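> Encoded as structure tokens, here's the structure I'll be asking about.
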Amino acid sequence: MRPLISTTDLAAALSGPAGDRPVVLDVRWRLAGPPGAESYREGHVPGAVFTDLDSVLAGKPGEGGRHPLPDPADLQRDLRAAGIRTGTPVVAYDDADGSVAARAWWLLRWAGHEEVAILDGGYAAWAAEGHPVSTEEARPEPGDITVRPGGMPVLDADEAAALARDGLLLDARATPRYAGETEPVDPRAGHIPGAVNAPFSAHLGPDGRWRPPAELAERFAGLGLRPGEPVGAYCGSGVTASSVVLALELAGHPGAGLYAGSWSHWSRNPQRPAATGTLPG
């Protein structure tokens, strides 16, 4: 299953035989503003199951960062409650920049589930094109997915630091946070020394859809990525960096590592260095 699915293809899949339909996850989330669950109740893709970033797609915040990986047993329980079965296609969508949907994509891949994609253009594109919406809460039959961690590479702090020296480590945050000009959430400002700034917002075009693979490949080449070079990504808490991993896969660089704790983990330890400014340092 390719990482992206169009609104047209999702509509066709949902109109097919019941046994062949994908499980759809509504993962809308906002740092500030109305909760995603509220938006879900106002309207969602028919049959979609609301899946919360904070309680399902991440563990409890703490020493591991603001959005650490969930406990595998908890994740398995929640994914089964969403109706996900072994081999069943899964489609995730949000209503913003695709980063939370990318987190769901990455997490399912990490859990060993290959058949997963995100909706290109998200809920905004679905609704704008006149596809049906529902206000009925989905109540799926329990699934049987088995979570087997390890399907996607995860970096710890030391591995991220080494990759910044010996490969390419991409920082997905906006430039002011990368440069240390501002830090609204985490303990310290700055970035991992050697990391290259690659704001995740550049993955989407003006229409809110993902840029073509050739454009993404050109962007990563411009950031210094060489064919076959080890590459990884981090962000504030490991969410938007998932979209960098997805963009790299679209661009022909699969298997990028994700520093799941990201800056929210790195910055907790005062012994870890922090670079500032717009250069890697």
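How things are named: the first chain in the structure tokens is A, the next is B, and so on; residues count from 1 in each chain; ligands count from 1 in the order shown.
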Quick one: residues within 12 Å of A:Lys60, only C-alpha atoms counted, chain neighbours fewer than 4 positions away excluded, as a PyMOL selection string?
chain A and resi 53-56+64-71+74+261
> Write the residues you've just listed into a file as a CSV table (one decimal), in the first residue's frame, and include N, CA, C and O atoms for each of them.

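again15.csv was written with the following content:
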```csv
chain,number,residue,atom,x,y,z
A,53,LEU,N,-4.4,11.5,19.6
A,53,LEU,CA,-3.0,11.5,19.6
A,53,LEU,C,-2.4,11.3,21.0
A,53,LEU,O,-1.5,10.5,21.2
A,54,ASP,N,-2.9,12.1,22.0
A,54,ASP,CA,-2.3,12.0,23.3
A,54,ASP,C,-2.5,10.7,24.0
A,54,ASP,O,-1.7,10.3,24.8
A,55,SER,N,-3.7,10.1,23.8
A,55,SER,CA,-4.0,8.9,24.6
A,55,SER,C,-3.8,7.6,23.8
A,55,SER,O,-3.7,6.5,24.5
A,56,VAL,N,-3.7,7.6,22.5
A,56,VAL,CA,-3.6,6.4,21.7
A,56,VAL,C,-2.2,6.4,21.0
A,56,VAL,O,-1.5,5.4,21.0
A,64,GLY,N,10.5,10.6,28.8
A,64,GLY,CA,10.7,10.2,27.4
A,64,GLY,C,10.3,11.3,26.4
A,64,GLY,O,10.4,11.1,25.2
A,65,GLY,N,9.8,12.4,26.9
A,65,GLY,CA,9.3,13.5,26.0
A,65,GLY,C,7.8,13.8,26.1
A,65,GLY,O,7.1,13.1,26.9
A,66,ARG,N,7.4,14.7,25.3
A,66,ARG,CA,6.0,15.1,25.4
A,66,ARG,C,5.0,14.1,24.7
A,66,ARG,O,3.9,13.9,25.0
A,67,HIS,N,5.5,13.4,23.6
A,67,HIS,CA,4.7,12.4,22.9
A,67,HIS,C,5.6,11.1,22.7
A,67,HIS,O,5.9,10.7,21.6
A,68,PRO,N,6.0,10.5,23.8
A,68,PRO,CA,6.8,9.2,23.7
A,68,PRO,C,6.0,8.1,23.0
A,68,PRO,O,4.7,8.2,22.9
A,69,LEU,N,6.7,7.1,22.5
A,69,LEU,CA,5.9,6.0,21.9
A,69,LEU,C,5.1,5.3,23.0
A,69,LEU,O,5.4,5.2,24.1
A,70,PRO,N,3.9,4.9,22.6
A,70,PRO,CA,3.0,4.2,23.5
A,70,PRO,C,3.5,2.8,23.9
A,70,PRO,O,4.3,2.2,23.1
A,71,ASP,N,3.1,2.3,25.0
A,71,ASP,CA,3.4,0.9,25.4
A,71,ASP,C,2.7,0.0,24.4
A,71,ASP,O,1.6,0.2,24.0
A,74,ASP,N,-0.7,-1.4,25.3
A,74,ASP,CA,-1.7,-0.4,25.2
A,74,ASP,C,-2.1,-0.1,23.8
A,74,ASP,O,-3.3,0.1,23.4
A,261,GLY,N,11.7,10.8,20.9
A,261,GLY,CA,11.7,11.7,22.0
A,261,GLY,C,11.9,13.2,21.5
A,261,GLY,O,11.3,14.1,22.1
```
> For A:Glu63, work out the shell of residues within 10 Å, counting only C-alpha atoms and skipping chain neighbours fewer than 4 positions away, then give it as a PyMOL selection string.
chain A and resi 68+261+264-266+268-269
> Do a neighbour search on A:Gly122 at 8 Å with only C-alpha atoms, toss out local chain neighbours closer than 5 positions, and write the hits as a PyMOL selection string.
chain A and resi 93-96+98+209
> Quick one, how far is atom CA of A:Ala102 from atom CA of A:Thr182?
25.3 Å
> Please build the interface table for stretch 117-221 of chain A against stretch 16-27 of chain A with a cut-off of 12 Å, listing for each qualifying residue the nearest atom pair and the distance in Å to one decimal; count only C-alpha atoms, order rows by chain and increasing number, and write it as a tab-separated table.

```
residue	atom	partner	partner_atom	distance
A:Ala117	CA	A:Val24	CA	9.7
A:Ile118	CA	A:Leu25	CA	9.3
A:Leu119	CA	A:Val24	CA	9.5
A:Gly122	CA	A:Asp26	CA	9.6
A:Tyr123	CA	A:Asp26	CA	8.7
A:Glu137	CA	A:Asp26	CA	11.2
A:Ala138	CA	A:Val24	CA	10.0
A:Arg139	CA	A:Val23	CA	11.6
A:Pro140	CA	A:Val23	CA	9.0
A:Glu141	CA	A:Val23	CA	10.9
A:Pro142	CA	A:Val23	CA	11.4
A:Gly143	CA	A:Val23	CA	10.1
```
> Between atom CA of A:Gly43 and atom CA of A:Pro212, what distance in Å does the model show, to one decimal?
29.1 Å
> Identify, on the basis of only C-alpha atoms, every residue whose closest approach to A:His253 does not exceed 12 Å; exclude the query and any residue fewer than 2 positions from it along the same chain; express the result as a PDB file with C-alpha atoms, in the first residue's frame.

```pdb
ATOM      1  CA  PRO A 213       7.885  12.748  -5.208  1.00  0.00           C
ATOM      2  CA  ALA A 214      10.238  14.500  -7.628  1.00  0.00           C
ATOM      3  CA  LEU A 216      10.341  16.210  -2.461  1.00  0.00           C
ATOM      4  CA  ALA A 217      13.462  14.450  -3.747  1.00  0.00           C
ATOM      5  CA  GLU A 218      14.790  17.756  -5.048  1.00  0.00           C
ATOM      6  CA  PHE A 220      16.015  16.723   0.253  1.00  0.00           C
ATOM      7  CA  ALA A 221      18.903  16.832  -2.204  1.00  0.00           C
ATOM      8  CA  LEU A 225      20.981  14.274   1.341  1.00  0.00           C
ATOM      9  CA  ARG A 226      23.137  12.006  -0.826  1.00  0.00           C
ATOM     10  CA  PRO A 227      21.951   8.664  -2.243  1.00  0.00           C
ATOM     11  CA  GLY A 228      22.440   5.895   0.291  1.00  0.00           C
ATOM     12  CA  GLU A 229      23.359   8.261   3.112  1.00  0.00           C
ATOM     13  CA  PRO A 230      21.839   7.424   6.511  1.00  0.00           C
ATOM     14  CA  VAL A 231      19.139   9.946   7.393  1.00  0.00           C
ATOM     15  CA  GLY A 232      16.850  10.590  10.316  1.00  0.00           C
ATOM     16  CA  VAL A 244       9.588  14.004   7.341  1.00  0.00           C
ATOM     17  CA  VAL A 245      10.021  10.224   7.419  1.00  0.00           C
ATOM     18  CA  LEU A 246       6.947   9.857   5.193  1.00  0.00           C
ATOM     19  CA  ALA A 247       8.170  12.569   2.806  1.00  0.00           C
ATOM     20  CA  LEU A 248      11.547  10.851   2.594  1.00  0.00           C
ATOM     21  CA  GLU A 249       9.828   7.590   1.673  1.00  0.00           C
ATOM     22  CA  LEU A 250       7.808   9.338  -1.020  1.00  0.00           C
ATOM     23  CA  ALA A 251      11.054  10.863  -2.304  1.00  0.00           C
ATOM     24  CA  GLY A 255      13.714   3.602   6.244  1.00  0.00           C
ATOM     25  CA  ALA A 256      14.702   6.942   7.764  1.00  0.00           C
ATOM     26  CA  GLY A 257      15.173   6.886  11.515  1.00  0.00           C
TER      27      GLY A 257
END
```
> Using only C-alpha atoms, find the one residue out of A:Ala82, A:Ala125, A:Ala48, A:Ala104 that sits nearest to A:Thr8.
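Nearest to A:Thr8: A:Ala125.
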> Can you work out which one of A:Val147, A:Val100, A:Leu14, A:Ala32 has the shortest atom-to-atom distance to A:Asp52, counting only C-alpha atoms?
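Under the stated criterion, the closest residue is A:Val100.
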> For A:Leu57, which of A:Arg173, A:Arg2, A:Arg28, A:Arg272 is the closest residue, counting only C-alpha atoms?
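Under the stated criterion, the closest residue is A:Arg28.
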> Please determine, counting only C-alpha atoms, which residue among A:Ala260, A:Ala179, A:Ala164, A:Val239 has the shortest atom-to-atom distance to A:Phe200.
A:Val239
> Pick from A:Pro61, A:Gly277, A:Pro35, A:Gly47: nearest to A:Ser237, with only C-alpha atoms counted?
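Ranked by minimum distance to A:Ser237, first place goes to A:Pro61.
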